[in-house]
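The structure under discussion appears below in the form of structure tokens.
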Amino acid sequence: MGIADELIENNAAYAATFEPEPQGAPSRQVAIVACMDARLDPLPVLGLEVGQAHVIRNAGGIVSNDALRSLVISQRKLGTREVVIVQHTACGMMTITDEGFVEELREDVGEAPSWAPGAFGDLEQSVRDSVERVRSDPFLVDTAHVRGLIFDVQTGAVREVV
């Protein structure tokens, strides 16, 4: 039995006590863009519960084109007004380069991907860049309330960058 089989079986216990949320819009009107790293669970890190925020996760917690797409839908169709970006210390995206990873893929698969990996060397600058991408996107309704945080994987604390 694979992990997915176990997870599907685990759902029976969850579904037995499930209470549906009345709507898909987050009650705190906030969207979070965070890294997919397993050490970072954005809701408890920020003192939130299911139903209070949209959480958009990807490698690095960068504001990619797809993250922007989700943020625009979150704001325009589901009422969020604030954006919090959460990246973290010891991120694997700091251990690769876009060029090197694309070359690995090209050697392994025979072609380059249509997307950029989004690697970065400076964590604080990556947070600033992601905040700026949100603030400068013309399709977002509210870009005045955008914050960028770094989660420390050793202490559990966040610190604000911008």
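Each chain in the structure tokens gets a letter, A, B, ..., in the order shown, and its residues are numbered from 1; ligands are numbered from 1 in order too.
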
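Residues lying within 6 Å of stretch 71-84 of chain A, counting only C-alpha atoms and ignoring same-chain neighbours fewer than 4 positions away, are A:Ala25, A:Gln29, A:Val30, A:Ala31, A:Ile32, A:Leu140, A:Asp142, A:His145, A:Val146, A:Arg147, A:Gly148.
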
Review point. In stretch 27-156 of chain A, what's strand (DSSP E) per DSSP? Answer as a ChimeraX atom specification?
Key: /A:30-35,53-58,82-88,146-151

For the residues selected in the previous step, produce a file with C-alpha atoms as an mmCIF file, in the first residue's frame.
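The resulting selection_9.cif:
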```cif
data_model
loop_
_atom_site.group_PDB
_atom_site.id
_atom_site.type_symbol
_atom_site.label_atom_id
_atom_site.label_comp_id
_atom_site.auth_asym_id
_atom_site.auth_seq_id
_atom_site.Cartn_x
_atom_site.Cartn_y
_atom_site.Cartn_z
ATOM 1 C CA VAL A 30 -6.081 37.375 3.965
ATOM 2 C CA ALA A 31 -4.113 35.341 1.435
ATOM 3 C CA ILE A 32 -0.767 33.793 2.329
ATOM 4 C CA VAL A 33 1.915 32.813 -0.168
ATOM 5 C CA ALA A 34 4.281 30.355 1.519
ATOM 6 C CA CYS A 35 6.941 27.811 0.738
ATOM 7 C CA ALA A 53 -7.064 32.438 5.028
ATOM 8 C CA HIS A 54 -6.244 31.317 1.539
ATOM 9 C CA VAL A 55 -2.882 29.560 1.474
ATOM 10 C CA ILE A 56 -0.949 29.412 -1.781
ATOM 11 C CA ARG A 57 2.158 27.251 -1.584
ATOM 12 C CA ASN A 58 5.025 26.593 -3.946
ATOM 13 C CA GLU A 82 -4.256 41.522 2.605
ATOM 14 C CA VAL A 83 -1.343 39.411 1.389
ATOM 15 C CA VAL A 84 1.339 37.856 3.583
ATOM 16 C CA ILE A 85 4.373 36.226 2.008
ATOM 17 C CA VAL A 86 6.222 33.661 4.146
ATOM 18 C CA GLN A 87 9.591 32.318 3.080
ATOM 19 C CA HIS A 88 11.987 30.550 5.465
ATOM 20 C CA VAL A 146 1.307 43.332 1.622
ATOM 21 C CA ARG A 147 3.822 42.014 4.166
ATOM 22 C CA GLY A 148 6.865 39.819 3.731
ATOM 23 C CA LEU A 149 8.068 37.498 6.495
ATOM 24 C CA ILE A 150 10.861 35.008 7.082
ATOM 25 C CA PHE A 151 10.104 31.941 9.210
#
```

Practice item. Going by DSSP on the backbone, which bits of stretch 2-110 of chain A are alpha helix (DSSP H)? Write them as a PyMOL selection string, please. Key: chain A and resi 3-16+42-45+65-78+98-109

Taking N, CA and C atoms for each residue, export the selection above as a compact mmCIF listing (two decimals), in the first residue's frame.
```txt
# COMPACT_ATOMS: atom_id res chain seq x y z
N ILE A 3 1.61 5.53 0.16
CA ILE A 3 1.23 6.62 1.06
C ILE A 3 -0.13 7.19 0.68
N ALA A 4 -0.39 7.38 -0.60
CA ALA A 4 -1.68 7.94 -1.03
C ALA A 4 -2.84 7.06 -0.56
N ASP A 5 -2.67 5.72 -0.62
CA ASP A 5 -3.72 4.83 -0.14
C ASP A 5 -3.98 5.05 1.34
N GLU A 6 -2.91 5.18 2.12
CA GLU A 6 -3.04 5.43 3.55
C GLU A 6 -3.74 6.77 3.81
N LEU A 7 -3.39 7.78 3.05
CA LEU A 7 -4.00 9.10 3.24
C LEU A 7 -5.49 9.08 2.94
N ILE A 8 -5.86 8.35 1.90
CA ILE A 8 -7.28 8.24 1.55
C ILE A 8 -8.03 7.50 2.66
N GLU A 9 -7.42 6.46 3.20
CA GLU A 9 -8.05 5.75 4.32
C GLU A 9 -8.17 6.66 5.55
N ASN A 10 -7.16 7.48 5.81
CA ASN A 10 -7.18 8.41 6.94
C ASN A 10 -8.35 9.38 6.83
N ASN A 11 -8.78 9.66 5.64
CA ASN A 11 -9.85 10.62 5.44
C ASN A 11 -11.15 10.19 6.09
N ALA A 12 -11.37 8.90 6.25
CA ALA A 12 -12.61 8.43 6.87
C ALA A 12 -12.80 9.02 8.27
N ALA A 13 -11.74 9.05 9.06
CA ALA A 13 -11.83 9.64 10.41
C ALA A 13 -12.09 11.13 10.34
N TYR A 14 -11.45 11.79 9.42
CA TYR A 14 -11.65 13.23 9.24
C TYR A 14 -13.09 13.52 8.82
N ALA A 15 -13.56 12.81 7.84
CA ALA A 15 -14.91 13.03 7.30
C ALA A 15 -16.00 12.73 8.34
N ALA A 16 -15.73 11.82 9.26
CA ALA A 16 -16.73 11.44 10.28
C ALA A 16 -17.08 12.61 11.19
N PRO A 42 1.79 27.20 7.53
CA PRO A 42 1.46 28.63 7.69
C PRO A 42 0.32 28.94 8.66
N LEU A 43 -0.71 28.13 8.71
CA LEU A 43 -1.84 28.47 9.57
C LEU A 43 -1.44 28.52 11.05
N PRO A 44 -0.90 27.45 11.64
CA PRO A 44 -0.53 27.56 13.05
C PRO A 44 0.63 28.53 13.29
N VAL A 45 1.56 28.63 12.34
CA VAL A 45 2.67 29.58 12.50
C VAL A 45 2.15 30.99 12.71
N ASN A 65 4.02 33.53 -11.43
CA ASN A 65 2.83 33.87 -12.22
C ASN A 65 1.60 33.12 -11.72
N ASP A 66 1.78 31.85 -11.35
CA ASP A 66 0.62 31.10 -10.86
C ASP A 66 0.16 31.60 -9.50
N ALA A 67 1.11 31.99 -8.64
CA ALA A 67 0.72 32.57 -7.35
C ALA A 67 -0.06 33.87 -7.58
N LEU A 68 0.38 34.70 -8.52
CA LEU A 68 -0.35 35.93 -8.84
C LEU A 68 -1.75 35.61 -9.35
N ARG A 69 -1.87 34.61 -10.19
CA ARG A 69 -3.19 34.21 -10.70
C ARG A 69 -4.11 33.87 -9.53
N SER A 70 -3.61 33.08 -8.58
CA SER A 70 -4.42 32.71 -7.43
C SER A 70 -4.75 33.92 -6.55
N LEU A 71 -3.80 34.83 -6.36
CA LEU A 71 -4.05 36.03 -5.57
C LEU A 71 -5.12 36.92 -6.21
N VAL A 72 -5.07 37.06 -7.53
CA VAL A 72 -6.07 37.88 -8.22
C VAL A 72 -7.46 37.27 -8.04
N ILE A 73 -7.58 35.98 -8.19
CA ILE A 73 -8.87 35.31 -7.98
C ILE A 73 -9.30 35.44 -6.53
N SER A 74 -8.36 35.27 -5.61
CA SER A 74 -8.65 35.39 -4.18
C SER A 74 -9.21 36.78 -3.85
N GLN A 75 -8.60 37.81 -4.40
CA GLN A 75 -9.07 39.17 -4.11
C GLN A 75 -10.35 39.51 -4.88
N ARG A 76 -10.36 39.26 -6.16
CA ARG A 76 -11.48 39.72 -6.99
C ARG A 76 -12.75 38.89 -6.82
N LYS A 77 -12.61 37.62 -6.51
CA LYS A 77 -13.79 36.76 -6.42
C LYS A 77 -14.12 36.27 -5.01
N LEU A 78 -13.14 36.37 -4.10
CA LEU A 78 -13.39 35.82 -2.76
C LEU A 78 -13.07 36.79 -1.63
N ASP A 98 18.77 28.53 -11.14
CA ASP A 98 17.84 28.25 -12.23
C ASP A 98 18.55 27.57 -13.39
N GLU A 99 19.71 28.13 -13.78
CA GLU A 99 20.44 27.59 -14.93
C GLU A 99 20.89 26.16 -14.68
N GLY A 100 21.42 25.89 -13.50
CA GLY A 100 21.89 24.54 -13.19
C GLY A 100 20.77 23.52 -13.15
N PHE A 101 19.65 23.89 -12.56
CA PHE A 101 18.52 22.97 -12.47
C PHE A 101 17.91 22.71 -13.85
N VAL A 102 17.79 23.78 -14.64
CA VAL A 102 17.26 23.61 -16.00
C VAL A 102 18.19 22.71 -16.81
N GLU A 103 19.49 22.87 -16.64
CA GLU A 103 20.44 22.02 -17.37
C GLU A 103 20.30 20.56 -16.92
N GLU A 104 20.12 20.31 -15.62
CA GLU A 104 19.89 18.95 -15.13
C GLU A 104 18.66 18.34 -15.80
N LEU A 105 17.59 19.12 -15.87
CA LEU A 105 16.36 18.63 -16.50
C LEU A 105 16.57 18.36 -17.99
N ARG A 106 17.27 19.28 -18.65
CA ARG A 106 17.54 19.10 -20.08
C ARG A 106 18.33 17.82 -20.33
N GLU A 107 19.33 17.56 -19.48
CA GLU A 107 20.13 16.33 -19.63
C GLU A 107 19.31 15.08 -19.35
N ASP A 108 18.41 15.16 -18.37
CA ASP A 108 17.63 13.99 -17.97
C ASP A 108 16.45 13.73 -18.90
N VAL A 109 15.78 14.80 -19.34
CA VAL A 109 14.55 14.65 -20.10
C VAL A 109 14.73 14.95 -21.58
```

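When only C-alpha atoms are used to measure the gap to A:Gln52, the shortest distance among A:Glu160, A:Pro117, A:Arg39, A:Pro22 belongs to A:Pro22.
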